[in-house]
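*Asks:* Could you have a look at this structure, given as structure tokens, before my questions?
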Amino acid sequence: MTAPAAFPISRFPVPTLDEMPEDIRERLLAVQEKAGFIPNVFLVLSHRPEEFRAFMAYHDALMDKPGALTKAEREMIVVATSNANQCQYCVVAHGAILRIRAKNPLIADQVAINYRKADITPRQKAMLDFAMKVAFEAHDVCDGDLATLAQHGFDKEEAWDIAAIAAFFGMSNRMANVTSMRPNDEFYTMGR
């Protein structure tokens, strides 16, 4: 099922696959082959090819790297902060990814609505508390915040990762809201 034409995926021009630079088209086709569809974020951001490339490079550096933060925990950060930023696209899309990575059909909804009441560990709650502080009160981040994270087993590099994910998706949330980016219908049922 696709969205009716009355619900465009962006308020800005969206190029067709044929209009995109070769490298971007190849990436989108690879995603389509793996997922079965092209997430609208790829289509919308391809409006500006250089920015698309920079966005995706930083996204991949943050979200695909190995480390103590699991891929599910990285998605938790995105879902919690995106909800607080009222970003429908990112909550829906990354909520789907979180359900799959956590192997839990309930967790994304719980984290999106109120992570403090979600069925997550104290370590994950501390991680999300810090991510929310970065997202909305970065000017107040202090050594005490890093000490709290350390009490939950996070070192300074992991604190950096949490902060970078929250900050990057703050930018992403704002662009998704400005463009009026519409989530793909496929995301709503993934991982349920």
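If you're wondering about the labels, chains in the structure tokens are A, B, ... by order shown, residues count from 1 in each chain, ligands from 1 in order shown.
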With segment 162-171 of chain A as the partner and 7 Å as the cut-off, tabulate the residues of segment 77-136 of chain A that qualify, each row holding the nearest pair of atoms and their distance in Å to one decimal, using only C-alpha atoms, sorted by chain and rising number, as a tab-separated table.

*Replies:*
residue	atom	partner	partner_atom	distance
A:Ile77	CA	A:Ala166	CA	6.5
A:Val78	CA	A:Phe169	CA	6.4
A:Thr81	CA	A:Ala166	CA	6.6
A:Ala131	CA	A:Ala166	CA	5.5
A:Val134	CA	A:Ala163	CA	6.0
A:Ala135	CA	A:Ala166	CA	5.7

*Asks:* Which residues of segment 22-116 of chain A sit at most 10 Å from segment 146-159 of chain A, using only C-alpha atoms? Give each one's shortest atom pair and distance in Å (one decimal place), in chain and ascending residue order, as a tab-separated table.

*Replies:*
residue	atom	partner	partner_atom	distance
A:Gly67	CA	A:Glu158	CA	8.0
A:Ala68	CA	A:Glu158	CA	7.2
A:Leu69	CA	A:Glu158	CA	7.1

*Asks:* Restricting it to N, CA and C atoms, dump the selection as a compact mmCIF listing (two decimals), in the first residue's frame.

*Replies:*
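Final output, saved to selection.txt:
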# COMPACT_ATOMS: atom_id res chain seq x y z
N GLY A 67 31.02 -1.79 18.80
CA GLY A 67 31.29 -1.14 20.07
C GLY A 67 30.40 -1.69 21.16
N ALA A 68 30.55 -1.13 22.34
CA ALA A 68 29.78 -1.61 23.49
C ALA A 68 28.30 -1.27 23.38
N LEU A 69 27.98 -0.19 22.68
CA LEU A 69 26.57 0.12 22.44
C LEU A 69 26.06 -0.84 21.37

*Asks:* Residues near segment 52-63 of chain A, anyone? I mean within 10 Å using only C-alpha atoms, not counting same-chain ones fewer than 2 positions away, as a compact mmCIF listing (two decimals) with C-alpha atoms, in the first residue's frame.

*Replies:*
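File produced: part.txt:
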# COMPACT_ATOMS: atom_id res chain seq x y z
CA ASP A 23 26.40 6.50 -6.61
CA ILE A 24 23.21 7.59 -4.86
CA VAL A 41 14.46 9.57 3.86
CA PHE A 42 16.78 8.45 1.05
CA LEU A 43 14.50 9.86 -1.60
CA VAL A 44 13.92 13.17 0.17
CA LEU A 45 17.57 13.80 1.04
CA SER A 46 18.70 12.98 -2.49
CA HIS A 47 17.30 16.40 -3.40
CA ARG A 48 20.77 17.66 -2.41
CA PRO A 49 23.34 15.03 -3.44
CA GLU A 50 26.37 16.45 -1.59
CA LYS A 65 30.23 0.75 13.95
CA PRO A 66 31.12 -1.99 16.40
CA LEU A 69 26.57 0.12 22.44
CA THR A 70 24.46 -2.47 20.68
CA LYS A 71 22.68 -1.61 17.46
CA ALA A 72 19.40 -1.84 19.37
CA GLU A 73 20.66 0.64 21.99
CA ARG A 74 21.71 3.05 19.25
CA GLU A 75 18.17 2.82 17.87
CA VAL A 78 17.13 7.68 18.06
CA ASP A 161 28.79 7.90 20.86
CA ILE A 162 25.59 8.53 22.83
CA ALA A 164 26.87 12.12 18.78
CA ILE A 165 23.81 9.98 18.01
CA PHE A 168 23.02 13.94 14.77
CA PHE A 169 19.41 12.83 15.00
CA MET A 171 19.53 17.61 13.06
CA SER A 172 17.86 14.77 11.21

*Asks:* When distances are computed from only C-alpha atoms, which of A:Pro21, A:Pro15, A:Pro8, A:Gly191 shows the smallest separation from Lys103 of chain A?

*Replies:*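 Checking each candidate against Lys103 of chain A, we get A:Gly191 as the closest.
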
*Asks:* Counting only C-alpha atoms, what is within 12 Å of Phe7 of chain A, bar same-chain residues fewer than 5 positions away, as a PDB file with C-alpha atoms, in the first residue's frame?

*Replies:*
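Below is the file that was written, around_35.pdb:
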ATOM      1  CA  THR A   2       1.400   3.393  -0.896  1.00  0.00           C
ATOM      2  CA  SER A 180       7.370  17.145   6.057  1.00  0.00           C
ATOM      3  CA  MET A 181       8.949  13.756   5.420  1.00  0.00           C
ATOM      4  CA  ARG A 182       6.338  11.015   5.422  1.00  0.00           C
ATOM      5  CA  PRO A 183       7.177   7.557   6.825  1.00  0.00           C
ATOM      6  CA  ASN A 184       6.821   4.655   4.408  1.00  0.00           C
ATOM      7  CA  ASP A 185       3.771   2.528   5.178  1.00  0.00           C
TER       8      ASP A 185
END

*Asks:* Which residue, A:His139, A:Lys125, A:Arg174, A:Lys34, has the smallest gap to Gln88 of chain A when you use only C-alpha atoms?

*Replies:*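 Once distances to Gln88 of chain A are computed over only C-alpha atoms, the minimum belongs to A:Arg174.
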
*Asks:* Residues at most 12 Å from Asn114 of chain A, counting only C-alpha atoms, excluding those fewer than 6 positions away in the same chain, as an MDAnalysis selection string?

*Replies:* chainID A and resid 76 79:84 107:108 120 125 128:129 132

*Asks:* For the selection just defined, write its residues with N, CA and C atoms to a file, as a short mmCIF file (atom, residue, chain, number, x, y, z; two decimals), in the first residue's frame.

*Replies:*
data_model
loop_
_atom_site.label_atom_id
_atom_site.label_comp_id
_atom_site.auth_asym_id
_atom_site.auth_seq_id
_atom_site.Cartn_x
_atom_site.Cartn_y
_atom_site.Cartn_z
N MET A 76 17.49 2.87 20.21
CA MET A 76 16.74 3.41 21.36
C MET A 76 16.99 4.91 21.50
N VAL A 79 15.02 6.71 18.79
CA VAL A 79 13.57 6.71 19.01
C VAL A 79 13.19 7.65 20.15
N ALA A 80 13.91 7.58 21.27
CA ALA A 80 13.56 8.42 22.42
C ALA A 80 13.74 9.91 22.10
N THR A 81 14.87 10.27 21.52
CA THR A 81 15.09 11.69 21.23
C THR A 81 14.21 12.17 20.09
N SER A 82 13.93 11.31 19.12
CA SER A 82 13.07 11.71 18.00
C SER A 82 11.64 11.95 18.46
N ASN A 83 11.18 11.15 19.42
CA ASN A 83 9.85 11.39 19.97
C ASN A 83 9.82 12.74 20.68
N ALA A 84 10.84 13.02 21.46
CA ALA A 84 10.89 14.30 22.17
C ALA A 84 10.96 15.48 21.19
N ILE A 107 9.12 -2.90 22.43
CA ILE A 107 10.10 -1.97 22.97
C ILE A 107 10.09 -0.60 22.31
N ALA A 108 9.92 -0.54 21.01
CA ALA A 108 9.96 0.76 20.33
C ALA A 108 8.82 1.65 20.78
N ILE A 120 13.33 -1.59 29.96
CA ILE A 120 14.75 -1.52 29.61
C ILE A 120 15.56 -1.62 30.90
N LYS A 125 18.48 3.03 30.67
CA LYS A 125 17.80 4.24 31.14
C LYS A 125 18.81 5.36 31.35
N LEU A 128 19.75 6.73 27.99
CA LEU A 128 18.72 7.60 27.42
C LEU A 128 18.57 8.90 28.19
N ASP A 129 18.77 8.87 29.51
CA ASP A 129 18.76 10.12 30.29
C ASP A 129 19.84 11.06 29.75
N MET A 132 18.95 12.40 26.23
CA MET A 132 17.93 13.46 26.29
C MET A 132 18.55 14.76 26.79
#

*Asks:* With only C-alpha atoms as the counted atoms, please give the residues lying no more than 7 Å from Thr179 of chain A, apart from itself and same-chain residues fewer than 6 positions off, as a list in words.

*Replies:* Ser10, Arg11 and Phe12 of chain A

*Asks:* Taking C-alpha atoms for each residue, export the selection above as a short mmCIF file (atom, residue, chain, number, x, y, z; two decimals), in the first residue's frame.

*Replies:*
data_model
loop_
_atom_site.label_atom_id
_atom_site.label_comp_id
_atom_site.auth_asym_id
_atom_site.auth_seq_id
_atom_site.Cartn_x
_atom_site.Cartn_y
_atom_site.Cartn_z
CA SER A 10 8.19 15.85 1.06
CA ARG A 11 7.31 19.48 0.54
CA PHE A 12 10.52 19.82 -1.48
#

*Asks:* As a PyMOL selection string, which residues of segment 37-159 of chain A does DSSP assign to alpha helix (DSSP H)?

*Replies:* chain A and resi 40-45+49-63+71-84+88-102+107-114+122-137+143-151+156-159

*Asks:* One decimal, in Å: what's the spacing between atom CA of Gln86 of chain A and atom CA of Ile113 of chain A?

*Replies:*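 According to the coordinates, atom CA of Gln86 of chain A and atom CA of Ile113 of chain A are separated by 11.0 Å.
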